[in-house]
Structure formats: structure tokens, C-alpha cells
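Shown next: work.cif, containing mmCIF, N, CA and C atoms and all ligand atoms.
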```
data_entry
#
loop_
_atom_site.group_PDB
_atom_site.id
_atom_site.type_symbol
_atom_site.label_atom_id
_atom_site.label_comp_id
_atom_site.auth_asym_id
_atom_site.auth_seq_id
_atom_site.Cartn_x
_atom_site.Cartn_y
_atom_site.Cartn_z
ATOM 1 N N MET G 1 -36.477 -40.353 -21.262
ATOM 2 C CA MET G 1 -35.768 -39.166 -20.769
ATOM 3 C C MET G 1 -36.619 -37.918 -21.050
ATOM 4 N N ASP G 2 -36.987 -37.224 -20.015
ATOM 5 C CA ASP G 2 -37.742 -35.985 -20.175
ATOM 6 C C ASP G 2 -36.955 -34.825 -19.603
ATOM 7 N N LYS G 3 -36.967 -33.715 -20.315
ATOM 8 C CA LYS G 3 -36.338 -32.515 -19.798
ATOM 9 C C LYS G 3 -37.366 -31.402 -19.811
ATOM 10 N N TYR G 4 -37.578 -30.802 -18.663
ATOM 11 C CA TYR G 4 -38.486 -29.669 -18.558
ATOM 12 C C TYR G 4 -37.680 -28.395 -18.716
ATOM 13 N N VAL G 5 -38.100 -27.558 -19.639
ATOM 14 C CA VAL G 5 -37.293 -26.380 -19.952
ATOM 15 C C VAL G 5 -38.145 -25.142 -20.182
ATOM 16 N N CYS G 6 -37.533 -23.998 -19.918
ATOM 17 C CA CYS G 6 -38.150 -22.725 -20.269
ATOM 18 C C CYS G 6 -37.891 -22.449 -21.755
ATOM 19 N N LEU G 7 -38.484 -21.387 -22.232
ATOM 20 C CA LEU G 7 -38.351 -21.037 -23.645
ATOM 21 C C LEU G 7 -36.895 -20.854 -24.078
ATOM 22 N N GLU G 8 -36.090 -20.261 -23.196
ATOM 23 C CA GLU G 8 -34.690 -19.990 -23.509
ATOM 24 C C GLU G 8 -33.854 -21.256 -23.694
ATOM 25 N N HIS G 9 -34.240 -22.310 -22.997
ATOM 26 C CA HIS G 9 -33.382 -23.493 -22.960
ATOM 27 C C HIS G 9 -33.916 -24.665 -23.774
ATOM 28 N N VAL G 10 -34.941 -24.417 -24.572
ATOM 29 C CA VAL G 10 -35.481 -25.486 -25.417
ATOM 30 C C VAL G 10 -34.413 -26.028 -26.368
ATOM 31 N N GLU G 11 -33.721 -25.126 -27.022
ATOM 32 C CA GLU G 11 -32.714 -25.572 -27.999
ATOM 33 C C GLU G 11 -31.589 -26.368 -27.349
ATOM 34 N N LEU G 12 -31.183 -25.917 -26.177
ATOM 35 C CA LEU G 12 -30.129 -26.611 -25.444
ATOM 36 C C LEU G 12 -30.563 -28.040 -25.107
ATOM 37 N N ALA G 13 -31.767 -28.174 -24.603
ATOM 38 C CA ALA G 13 -32.274 -29.502 -24.244
ATOM 39 C C ALA G 13 -32.390 -30.386 -25.474
ATOM 40 N N MET G 14 -32.866 -29.811 -26.578
ATOM 41 C CA MET G 14 -32.999 -30.604 -27.797
ATOM 42 C C MET G 14 -31.635 -31.057 -28.308
ATOM 43 N N ASP G 15 -30.668 -30.156 -28.262
ATOM 44 C CA ASP G 15 -29.308 -30.525 -28.685
ATOM 45 C C ASP G 15 -28.755 -31.666 -27.833
ATOM 46 N N GLU G 16 -28.990 -31.582 -26.529
ATOM 47 C CA GLU G 16 -28.472 -32.632 -25.640
ATOM 48 C C GLU G 16 -29.112 -33.976 -25.947
ATOM 49 N N ILE G 17 -30.403 -33.974 -26.183
ATOM 50 C CA ILE G 17 -31.074 -35.243 -26.472
ATOM 51 C C ILE G 17 -30.626 -35.791 -27.819
ATOM 52 N N VAL G 18 -30.470 -34.933 -28.794
ATOM 53 C CA VAL G 18 -29.964 -35.390 -30.092
ATOM 54 C C VAL G 18 -28.566 -36.004 -29.928
ATOM 55 N N ASP G 19 -27.725 -35.349 -29.130
ATOM 56 C CA ASP G 19 -26.385 -35.886 -28.869
ATOM 57 C C ASP G 19 -26.444 -37.251 -28.196
ATOM 58 N N GLU G 20 -27.341 -37.384 -27.221
ATOM 59 C CA GLU G 20 -27.384 -38.606 -26.430
ATOM 60 C C GLU G 20 -28.059 -39.757 -27.156
ATOM 61 N N THR G 21 -29.087 -39.462 -27.920
ATOM 62 C CA THR G 21 -29.890 -40.541 -28.511
ATOM 63 C C THR G 21 -29.717 -40.632 -30.026
ATOM 64 N N GLU G 22 -29.156 -39.594 -30.636
ATOM 65 C CA GLU G 22 -29.032 -39.497 -32.086
ATOM 66 C C GLU G 22 -30.381 -39.543 -32.790
ATOM 67 N N GLU G 23 -31.399 -39.104 -32.068
ATOM 68 C CA GLU G 23 -32.729 -38.998 -32.672
ATOM 69 C C GLU G 23 -33.324 -37.649 -32.339
ATOM 70 N N TYR G 24 -34.199 -37.202 -33.205
ATOM 71 C CA TYR G 24 -34.854 -35.927 -32.969
ATOM 72 C C TYR G 24 -35.880 -36.093 -31.850
ATOM 73 N N PRO G 25 -35.840 -35.230 -30.823
ATOM 74 C CA PRO G 25 -36.748 -35.404 -29.689
ATOM 75 C C PRO G 25 -38.175 -34.925 -29.964
ATOM 76 N N ILE G 26 -39.049 -35.278 -29.074
ATOM 77 C CA ILE G 26 -40.439 -34.823 -29.119
ATOM 78 C C ILE G 26 -40.548 -33.576 -28.250
ATOM 79 N N LEU G 27 -41.139 -32.552 -28.804
ATOM 80 C CA LEU G 27 -41.297 -31.298 -28.075
ATOM 81 C C LEU G 27 -42.779 -31.065 -27.811
ATOM 82 N N GLU G 28 -43.124 -30.916 -26.538
ATOM 83 C CA GLU G 28 -44.517 -30.680 -26.190
ATOM 84 C C GLU G 28 -44.627 -29.477 -25.269
ATOM 85 N N GLU G 29 -45.681 -28.737 -25.476
ATOM 86 C CA GLU G 29 -45.953 -27.605 -24.600
ATOM 87 C C GLU G 29 -46.572 -28.138 -23.308
ATOM 88 N N LEU G 30 -46.123 -27.612 -22.182
ATOM 89 C CA LEU G 30 -46.701 -28.033 -20.910
ATOM 90 C C LEU G 30 -48.016 -27.316 -20.687
ATOM 91 N N ASN G 31 -48.946 -28.004 -20.074
ATOM 92 C CA ASN G 31 -50.140 -27.264 -19.670
ATOM 93 C C ASN G 31 -49.794 -26.443 -18.432
ATOM 94 N N THR G 32 -50.466 -25.355 -18.278
ATOM 95 C CA THR G 32 -50.070 -24.358 -17.273
ATOM 96 C C THR G 32 -50.248 -24.858 -15.838
ATOM 97 N N GLU G 33 -51.021 -25.908 -15.663
ATOM 98 C CA GLU G 33 -51.197 -26.454 -14.318
ATOM 99 C C GLU G 33 -49.933 -27.144 -13.793
ATOM 100 N N GLU G 34 -49.109 -27.597 -14.691
ATOM 101 C CA GLU G 34 -47.891 -28.284 -14.268
ATOM 102 C C GLU G 34 -46.849 -27.279 -13.800
ATOM 103 N N LYS G 35 -46.514 -27.368 -12.552
ATOM 104 C CA LYS G 35 -45.525 -26.440 -11.996
ATOM 105 C C LYS G 35 -44.158 -27.112 -11.978
ATOM 106 N N LYS G 36 -43.480 -26.970 -13.081
ATOM 107 C CA LYS G 36 -42.139 -27.544 -13.181
ATOM 108 C C LYS G 36 -41.146 -26.411 -13.363
ATOM 109 N N THR G 37 -39.933 -26.679 -12.960
ATOM 110 C CA THR G 37 -38.872 -25.693 -13.113
ATOM 111 C C THR G 37 -37.937 -26.145 -14.225
ATOM 112 N N CYS G 38 -37.439 -25.186 -14.957
ATOM 113 C CA CYS G 38 -36.475 -25.472 -16.015
ATOM 114 C C CYS G 38 -35.266 -26.234 -15.463
ATOM 115 N N GLU G 39 -34.766 -27.175 -16.263
ATOM 116 C CA GLU G 39 -33.579 -27.942 -15.850
ATOM 117 C C GLU G 39 -32.320 -27.095 -15.750
ATOM 118 N N TYR G 40 -32.302 -25.991 -16.464
ATOM 119 C CA TYR G 40 -31.063 -25.234 -16.604
ATOM 120 C C TYR G 40 -31.079 -23.884 -15.906
ATOM 121 N N CYS G 41 -32.231 -23.464 -15.401
ATOM 122 C CA CYS G 41 -32.326 -22.176 -14.728
ATOM 123 C C CYS G 41 -33.554 -22.192 -13.820
ATOM 124 N N PRO G 42 -33.736 -21.176 -13.000
ATOM 125 C CA PRO G 42 -34.851 -21.196 -12.027
ATOM 126 C C PRO G 42 -36.205 -20.773 -12.597
ATOM 127 N N GLN G 43 -36.286 -20.555 -13.879
ATOM 128 C CA GLN G 43 -37.563 -20.127 -14.452
ATOM 129 C C GLN G 43 -38.547 -21.295 -14.564
ATOM 130 N N PRO G 44 -39.829 -20.975 -14.628
ATOM 131 C CA PRO G 44 -40.800 -22.059 -14.825
ATOM 132 C C PRO G 44 -40.668 -22.690 -16.205
ATOM 133 N N ALA G 45 -40.836 -23.980 -16.248
ATOM 134 C CA ALA G 45 -40.730 -24.693 -17.522
ATOM 135 C C ALA G 45 -41.968 -24.445 -18.375
ATOM 136 N N VAL G 46 -41.740 -24.339 -19.675
ATOM 137 C CA VAL G 46 -42.827 -24.104 -20.630
ATOM 138 C C VAL G 46 -42.998 -25.307 -21.560
ATOM 139 N N TYR G 47 -41.913 -26.019 -21.772
ATOM 140 C CA TYR G 47 -41.941 -27.172 -22.672
ATOM 141 C C TYR G 47 -41.327 -28.388 -22.004
ATOM 142 N N VAL G 48 -41.752 -29.532 -22.471
ATOM 143 C CA VAL G 48 -41.052 -30.755 -22.111
ATOM 144 C C VAL G 48 -40.484 -31.356 -23.396
ATOM 145 N N VAL G 49 -39.209 -31.652 -23.346
ATOM 146 C CA VAL G 49 -38.510 -32.261 -24.469
ATOM 147 C C VAL G 49 -38.235 -33.707 -24.079
ATOM 148 N N SER G 50 -38.701 -34.637 -24.862
ATOM 149 C CA SER G 50 -38.499 -36.027 -24.484
ATOM 150 C C SER G 50 -37.963 -36.835 -25.656
ATOM 151 N N SER G 51 -37.183 -37.820 -25.301
ATOM 152 C CA SER G 51 -36.644 -38.699 -26.330
ATOM 153 C C SER G 51 -37.664 -39.790 -26.621
ATOM 154 N N LYS G 52 -37.584 -40.365 -27.793
ATOM 155 C CA LYS G 52 -38.544 -41.401 -28.187
ATOM 156 C C LYS G 52 -38.252 -42.742 -27.511
ATOM 157 N N LYS G 53 -37.033 -42.873 -27.006
ATOM 158 C CA LYS G 53 -36.650 -44.146 -26.390
ATOM 159 C C LYS G 53 -37.063 -44.202 -24.930
HETATM 160 ZN ZN ZN G 101 -34.212 -22.247 -18.527
#
```
Could you show the structure in this file as C-alpha cells?
Ligand SMILES: [Zn+2]
Amino acid sequence: MDKYVCLEHVELAMDEIVDETEEYPILEELNTEEKKTCEYCPQPAVYVVSSKK
């Protein structure tokens, strides 16, 4: 499970993954070439939050 998020929504995504998997997620900074949009708003994503499973 990967969630692409902007800076504002990192915590929200991490909370959701913790709720769903009961594990602390992996947080990685996206390289600027990746043009992804935040899952929760129209801003460009800055981080990807992923579960270990
Ligand atoms: Zn956002």
C-alpha cells in the first residue's frame, strides 16, 4: 500500500496506515521527477508513505 502525499497530509496518511496495518509505515521523500498528486488534495506529492506489508 503506497500513499502519495503533500507535506500537509503526511501525518494523515501515516495515521491511516497505522490504523490499517498496526505497523509504523515507511516514509520516503519523492524525487522531484515523479509527478504525483497528493491523495487528499490537488497539491503535488512530496512524500510516499508505504506499509511494510
Ligand atoms: Zn495533500
With a distance cut-off of 6 Å and only C-alpha atoms, select the neighbouring residues of Ser50 in chain G, excluding the residue or stretch itself and same-chain residues fewer than 3 positions from it, and output the selection as JSON, numbers by chain. {"G": [1, 2, 25, 26]}
All alpha helix (DSSP H) positions in chain G, as a list in words: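 Matching residues, listed in order: Val10, Glu11, Leu12, Ala13, Met14, Asp15, Glu16, Ile17, Val18, Asp19, Glu20 and Thr21 of chain G.
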Counting all atoms listed in the file, which residues come within 6 Å of (-40.0, -30.6, -24.1), with the point read in the file's coordinates, and could you list them as a VMD selection string? chain G and resid 3 to 5 26 to 28 47 to 50
Can you tell me which residues come within 6 Å of ligand ZN 101 (chain G) when counting all atoms listed in the file, ideally as number ranges by chain? G: 5-9, 38-43
Residues of range 5-44 of chain G in strand (DSSP E), written as number ranges by chain: G: 5, 26-29
Tyr24 in chain G environment, 7 Å, only N, CA and C atoms, sequence neighbours closer than 4 positions dropped, as an mmCIF file with N, CA and C atoms, in the coordinates of the input:
```cif
data_model
loop_
_atom_site.group_PDB
_atom_site.id
_atom_site.type_symbol
_atom_site.label_atom_id
_atom_site.label_comp_id
_atom_site.auth_asym_id
_atom_site.auth_seq_id
_atom_site.Cartn_x
_atom_site.Cartn_y
_atom_site.Cartn_z
ATOM 1 N N ILE G 17 -30.403 -33.974 -26.183
ATOM 2 C CA ILE G 17 -31.074 -35.243 -26.472
ATOM 3 C C ILE G 17 -30.626 -35.791 -27.819
ATOM 4 N N VAL G 18 -30.470 -34.933 -28.794
ATOM 5 C CA VAL G 18 -29.964 -35.390 -30.092
ATOM 6 C C VAL G 18 -28.566 -36.004 -29.928
ATOM 7 N N SER G 50 -38.701 -34.637 -24.862
ATOM 8 C CA SER G 50 -38.499 -36.027 -24.484
ATOM 9 C C SER G 50 -37.963 -36.835 -25.656
ATOM 10 N N SER G 51 -37.183 -37.820 -25.301
ATOM 11 C CA SER G 51 -36.644 -38.699 -26.330
ATOM 12 C C SER G 51 -37.664 -39.790 -26.621
ATOM 13 N N LYS G 52 -37.584 -40.365 -27.793
ATOM 14 C CA LYS G 52 -38.544 -41.401 -28.187
ATOM 15 C C LYS G 52 -38.252 -42.742 -27.511
#
```
Between CA of Thr37 in chain G and CA of Glu20 in chain G, what distance in Å does the model show, to one decimal?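 CA of Glu20 in chain G lies 21.8 Å from CA of Thr37 in chain G.
Separating CA of Glu34 in chain G from CA of Asp19 in chain G is a distance of 27.1 Å.
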For a test of reading the model, state the distance in Å between CA of Val46 in chain G and atom C of Asp15 in chain G, rounded to one decimal.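 So the two atoms, CA of Val46 in chain G and atom C of Asp15 in chain G, lie 17.5 Å apart.
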Please list as a ChimeraX atom specification every residue within 10 Å of Lys35 in chain G, counting only C-alpha atoms and excluding residues in the same chain fewer than 5 positions away. /G:30,44-46
Selection file, N, CA and C atoms, as a short mmCIF file (atom, residue, chain, number, x, y, z; two decimals), keeping the file's coordinate frame:
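Generated output (selection10.cif):
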```
data_model
loop_
_atom_site.label_atom_id
_atom_site.label_comp_id
_atom_site.auth_asym_id
_atom_site.auth_seq_id
_atom_site.Cartn_x
_atom_site.Cartn_y
_atom_site.Cartn_z
N LEU G 30 -46.12 -27.61 -22.18
CA LEU G 30 -46.70 -28.03 -20.91
C LEU G 30 -48.02 -27.32 -20.69
N PRO G 44 -39.83 -20.98 -14.63
CA PRO G 44 -40.80 -22.06 -14.82
C PRO G 44 -40.67 -22.69 -16.20
N ALA G 45 -40.84 -23.98 -16.25
CA ALA G 45 -40.73 -24.69 -17.52
C ALA G 45 -41.97 -24.44 -18.38
N VAL G 46 -41.74 -24.34 -19.68
CA VAL G 46 -42.83 -24.10 -20.63
C VAL G 46 -43.00 -25.31 -21.56
#
```
So that all listed atoms of range 21-33 of chain G fit with 4 Å spare on each side, what axis-aligned box centre and edge lengths in Å, to one decimal, would you give as lines of an AutoDock Vina configuration file?
```
center_x = -40.1
center_y = -32.5
center_z = -23.5
size_x = 30.2
size_y = 24.3
size_z = 27.4
```
